[in-house]
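Here's the structure we're looking at; comments come further down.
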Amino acid sequence: MLLVLIALFAVAGIAPFLFRMLGRSTFYVLAAVPALAFVWLLANFSSFIEADQGAASGSPNAPPVQMFNWLPSLGVHLDFRMDALAAVLCLLVLGVGALVLFYCARYFKNEDPHTGAFGAQLLAFAASMFGLVTADDMILMFIFWELTTILSFLLIGFNRTRMGARRSALTALMVTTFGGLTMLAGLIMLGTAAGTYRISEVLALAPELTRMGTYIDVAIVLMLVGAISKSALIPFHFWLPGAMAAPTPVSAYLHAAAMVKAGIYLIARFAPGFHETAFWQPVLLWLGLATMLIGGWRALKQNDLKLVLAYGTVSQLGFLVLILGIGTPNAAMAGLAMMLAHGFFKATLFLIVGIIDHKSGTRDIRQLSGLRSSSPVLFVVAVIAAASMAGVPPLFGFVAKEAVYESLLEHASSNGAPGMVLLLGVMLGSAMTFAYAARFLWGGFARKAGMKPTPFPKVPWLFLAPLLVLTLATVVFAWVPGSLEAAITPYVGLFPAADHPIHLAIWHGFTPALGLSLVSMSAGVVIFVARKRISKVQAMVPAYFDAERDYKLIITGVDNLAIWLTGRTQRGSLSFYLVVILMTALVLPTVVSLWLQTPAPGNLIAFDTPAQLVIGCIMILGALGALQANRRFLAVLMVSVSGYGMAAIFALQGAPDLAVTQLLVETIVLVAFVLALRALPVELWSKNPTGHRLVRALIGIGFGASMIYIAATSMASRIADPISLAYPELAYTGGAGKNIVNVTLVDMRAWDTFGEITVLAAAATGVASLIFVRGRGDKTLNAALVPRGSVDHGSEAIGGASHSRSGMAVAKNFAISSKDSWLVAGHTLAPERRSITFEVVTRLLFHTILLASVYLLLAGHNTPGGGFAGGLLAGLALAIRYLAGGRVELAEAIPVSPGTLMGSGLALAAASAVAPLFFGAQIFTSAAIEFSWPLFGDHKFVTSTIFDIGVYLVVVGLVIDVLRSLGSEIDERSEGRSPTDTHDLVSDAETGVGR
């Protein structure tokens with residue numbers, strides 16, 4: 001199973017590359033993958049079914065099971081199970097999937113755009129459906145469930161230039177995602193109650209769980225919301241007809257055979273254990289009946305062949321949910337048989353519509369005429385498929401519907417009036433099914449009075465082949481249904497045995513079920529013949545309830561509410577944002593800490609040493625100085641006093657690693673602030689322009705006092721030994737290092753660190769985007785077209801090469817007089833900006849600081865340092881070089897873009913995380929390698945150092961991004977030169993003449 005899943009996803013991944021070489025013929029290659037998997041399924045089908053016989057006797061692992069640990073601490077595993085239900089669904093997923101992909105090779109043209117992405121997404125969807133039906137873990141099933149949601153969104157919106165397709169894709173995404181998240185809540189509740197997320201084990205525990213009452217009832221209802229939204233039951237039915245904006249192969253596969261069957265599968269999967277819960281039958285039976293009737297009613301008035309089938313699909317999905325919702329063994333047999341029949345005939349009909357649209361250019365029944373004579377083979381196939389949908393003998397659709405009527409008669413006999421209402425409703429729905437099946441045939445193939453035959457070229461046999469295979473299945477299984485019954489029987493065995501079990505057969509004699517079939521077909525004939533009168537009645541009936549209209553009203557209301565809230569909260573005022581944040585952080589934790597019983601902190605110590613007291617006083621004076629400063633630069637310096645004081649506190653507390661990191665962070669932040677201040681006025685306001693100084697002071701003081709109180713009470717509330725006591729031993733024995741801080745960052749809590757460096761890279765990219773992007777879109781505006789005085793001025797081309805974020809163009813055009821020389825500020829900086837002393841100091845310290853940063857990186861596993869501290873120190877060295885030589889010197893110092901550095905760092909960190917999987921270990925596992933070199937002696941290398949190197953590169957890239965964004969870019973803009981002036985500067989630099 002896992003190999004099939006991997007093969008499907010792997011081929012989907014390389015599909016776009018195959019399309020570049022083979023064109024649309026690649027669809028044949030893609031079709032071969034699920035076809036081979038289908039052959040594998042058939043070859044092992046009997047063994048799967050035989051093995052599943054043990055499931056009903058209390059052996060949940062009887063069918064083939066593959067189990068892999070994934071998140072064992074959360075109880076989530078990669079568990080796959082091929083039982084009878086999964087095998088039956090896989091017949092549709094793999095078989096119909098292969099035929100639809102084969103069909104695509106003639107549906108699309110070589111010149112059609114984005115076919116590579118389409119083929120990859122369609123095959124990936126088949127893989128996701130295969131994973132969904134074989135998953136034996138509820139969380140894993142949910143992941144595949146959401147994958148189908150995302151892929152269906154992409155496939156429905158394939159015609160990305162059409163607003164209707166994009167809107168329909170978004171509607172389908174929002175509706176099914178809402179249902180999926182609701183389902184997730186129910187699955188978590190169910191798994192928590194059962195103590196396991198394995199589906200087979202949950203079903204085995206179902207008798208005990210159902211006795212828990214309301215809790216399980218609510219969990220099941222939440223789970224069913226996901227099923228009815230995915231399978232388009234009311235009130236979520238409106239997304240499916242809208243999804244017909246997708247290409248026809250998508251409709252044939254996703255909306256007839258696969259995606260909408262996910263909800264049906266979920267109901268069938270949990271029906272054996274939970275069909276007796278309080279809300280199971282009321283929700284599924286009556287929503288299913290209402291959906292069947294509403295879908296059939298709307299199908300009768302559609303003029304688009306595809307919409308006739310779409311609303312027909314809605315109707316029959318309600319029919320399927322109704323049957324499986326009964327929860328009896330006979331209903332289970334009938335429901336799965338009807339599900340297979342529906343997959344056969346509905347996929348065929350959608351593919352027929354694709355051919356009609358492809359060859360005639362229209363799907364409107366008011367414009368189609370005479371296709372019966374133009375394409376007799378297509379007409380015959382359409383008659384068989386439509387007749388099977390209508391339940392006409394001798395086709396498999398009739399066999400399945402007979403079984404349905406048998407189970408409904410049984411249900412009606414034991415449930416009185418409600419059961420009889422259900423039976424009559426299904427008969428009415430079946431009559432409408434017959435009517436819209438006849439409408440489909442008449443609208444698509446009949447010769448209309450007063451209309452000329454629609455031009456219709458000959459259909460190639462390769463185009464017809466998938467339809468013929470599905471039609472053959474519809475015919476053959478009607479006469480030999482025993483093979484499908486044998487496949488379904490193990491699933492039926494999960495229910496209590498029926499007194500009178502039904503069997504699939506084309507002839508049961510003259511039975512009440514046959515009489516009901518004849519009555520419903522006769523009523524269907526009447527409805528079709530009276531279609532004009534019924535159309536007039538439909539036009540007169542007002543739409544009091546319109547789910548699609550109500551959905552749009554809800555979305556519009558949410559948008560308006562978002563606009564209203566945004567206008568009142570996103571005011572562009574930093575002070576307002578700070579008030580909201582600080583008040584939230586002040587009020588909520590304080591109220592909770594005061595409301596709950598918390599021990600008062602005792603043994604308060606003001607300070608350990610006099611040095612701490614002195615440093616604390618200096619930090620307080622720095623904060624007061626920042627409040628009283630009248631210049632921005634002075635205010636920033638005063639704020640930095642607190643940061644440097646904190647580094648000193650760390651050092652005094654015996655935390656040199658934290659002290660070094662805090663010192664470097666504070667220095668880099670100070671540099672960034674100073675660089676940014678150049679674009680702001682020098683003076684701070686003399687008076688607060690918004691007033692409320694007292695309120696702001698109280699909020700600030702209250703926030704600080706609240707944090708002190710919460711921290712003190714939290715420490716006083718400790719009742720267990722802190723986990724940090726075990727860190728020294730864990731760091732040395734598990735992480736093979738003596739520096740607890742570094743080992744924690746790169747080993748014990750490497751996931752946190754990886755997330756943090758990812759956030760750093762994203763933040764740096766965001767800051768750079770604000771500085772460098774000239775407009776909306778991928779292209780930047782030509783600065784030569786930007787008028788002088790614009791905010792974007794200064795981004796002009798330099799020496800004919802446009803400015804780039806990496807600074808490469810700047811470095812290339814500002815030629816240095818000698819290859820071996822560096823820090824030639826005299827050629828690139830104005831005299832008033834030069835500092836000879838600073839240049840000399842930079843020449844002396846730059847390389848030393850870089851070497852020290854490498855030392856911190858490599859030695860950090862056992863001594864203070866690490867990738868973060870080393871990266872900050874390297875960034876500080878580059879900042880010094882930039883301050884001494886300017887932006888051109890910075891470009892010379894590091895001719896690699898910060899994006900490349902950060903991307904390389906993330907990739908290296910990710911590679912070091914994944915690499916242990918190839919050696920049978922868990923992700924982020926580190927290993928210590930001991931070796932001995934001549935002259936150098938014995939050494940030990942810990943593989944987590946590779947992860948630390950990735951951190952180092954990310955931090956260096958981050959600092960360079962800050963220097964380029966807040967330094968070089970502002971420098972260039974402040975120069976205010978035109979392209980001609982800049983070219984003169986380049987010439988002066990090349991000749992060694994300063995301006």
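To be explicit about the labels: the chains of the structure tokens are called A, B, and onward in the order shown, and within each one the residues are counted from 1, while ligands get numbers from 1 in the order they are shown.
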Quick one: pick out all strand (DSSP E or B) residues within region 83-328 of chain A from a backbone DSSP run and write them as a PyMOL selection string. chain A and resi 135+137+198+304
Within 10 Å of Tyr215 (chain A), counting only C-alpha atoms, which residues qualify if same-chain residues fewer than 3 places away don't, as a CSV table (one decimal) with N, CA and C atoms, in the first residue's frame?
chain,number,residue,atom,x,y,z
A,186,GLY,N,-14.4,16.7,15.7
A,186,GLY,CA,-15.1,15.5,16.1
A,186,GLY,C,-14.1,14.3,16.2
A,189,MET,N,-12.1,14.5,19.4
A,189,MET,CA,-13.0,14.2,20.6
A,189,MET,C,-13.1,12.6,20.6
A,190,LEU,N,-13.4,12.0,19.5
A,190,LEU,CA,-13.5,10.6,19.4
A,190,LEU,C,-12.3,9.9,19.8
A,193,ALA,N,-11.6,10.2,23.6
A,193,ALA,CA,-12.4,9.3,24.4
A,193,ALA,C,-12.0,7.8,24.2
A,209,LEU,N,-17.9,3.2,23.7
A,209,LEU,CA,-17.9,4.6,23.5
A,209,LEU,C,-19.4,5.1,23.4
A,210,THR,N,-20.2,4.4,22.8
A,210,THR,CA,-21.6,4.9,22.6
A,210,THR,C,-22.3,5.0,23.9
A,211,ARG,N,-21.9,4.3,24.9
A,211,ARG,CA,-22.5,4.4,26.3
A,211,ARG,C,-22.1,5.7,27.0
A,212,MET,N,-21.1,6.5,26.4
A,212,MET,CA,-20.7,7.7,27.0
A,212,MET,C,-21.7,8.8,26.8
A,218,VAL,N,-22.1,14.3,20.2
A,218,VAL,CA,-21.6,15.6,19.6
A,218,VAL,C,-20.4,15.3,18.7
A,219,ALA,N,-19.5,14.4,19.1
A,219,ALA,CA,-18.3,14.1,18.3
A,219,ALA,C,-18.8,13.5,16.9
A,220,ILE,N,-19.8,12.7,16.9
A,220,ILE,CA,-20.2,12.1,15.7
A,220,ILE,C,-20.9,13.1,14.8
Show which residues sit within 6 Å of region 309-317 of chain A, as a ChimeraX atom specification. Count only C-alpha atoms, and ignore same-chain residues fewer than 4 positions away. /A:241,291-292,295-296,299
Contact residues around Ser430 (chain A) with only C-alpha atoms at 8 Å, ignoring same-chain residues under 4 positions, as JSON, numbers by chain: {"A": [390, 426, 434, 520, 521, 524]}
Could you write out that same residue set with N, CA and C atoms as a tab-separated table (two decimals), in the first residue's frame?
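part.tsv, written as the output of this step:
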chain	number	residue	atom	x	y	z
A	390	ALA	N	-31.00	5.66	-14.33
A	390	ALA	CA	-32.44	5.68	-14.09
A	390	ALA	C	-32.95	4.39	-13.46
A	426	VAL	N	-38.02	8.43	-1.50
A	426	VAL	CA	-37.04	7.83	-2.39
A	426	VAL	C	-37.68	7.47	-3.73
A	434	PHE	N	-35.15	9.25	-13.20
A	434	PHE	CA	-35.51	8.74	-14.53
A	434	PHE	C	-35.80	9.91	-15.47
A	520	SER	N	-41.85	3.84	-9.99
A	520	SER	CA	-40.99	5.01	-10.08
A	520	SER	C	-40.60	5.31	-11.53
A	521	MET	N	-40.37	4.26	-12.34
A	521	MET	CA	-40.04	4.50	-13.75
A	521	MET	C	-41.25	5.06	-14.50
A	524	GLY	N	-41.51	8.58	-13.68
A	524	GLY	CA	-40.46	9.32	-14.38
A	524	GLY	C	-40.84	9.63	-15.80
Would you compute the distance between CA of Asp136 (chain A) and CA of Ser200 (chain A)? Give it in Å to one decimal.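 These two atoms are separated by 6.6 Å.
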Would you please extract all alpha helix (DSSP H) residues from region 86-329 of chain A, as assigned by DSSP on the backbone, and give them as a ChimeraX atom specification? /A:86-90,97-107,115-134,138-156,163-194,199-204,206-210,214-230,239-242,248-254,261-274,280-299,305-326,329
May I have the residues within 8 Å of Phe445 (chain A) as an MDAnalysis selection string, using only C-alpha atoms and disregarding those fewer than 5 positions away in the same chain? chainID A and resid 368:372 379
Could you list, as a list in words, every residue within 7 Å of Ala623 (chain A), counting only C-alpha atoms and ignoring same-chain residues fewer than 2 positions away?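 The residues satisfying every condition are Met619, Ile620, Leu621, Gly625, Ala626, Leu627, Met638, Val639 and Ser642 of chain A.
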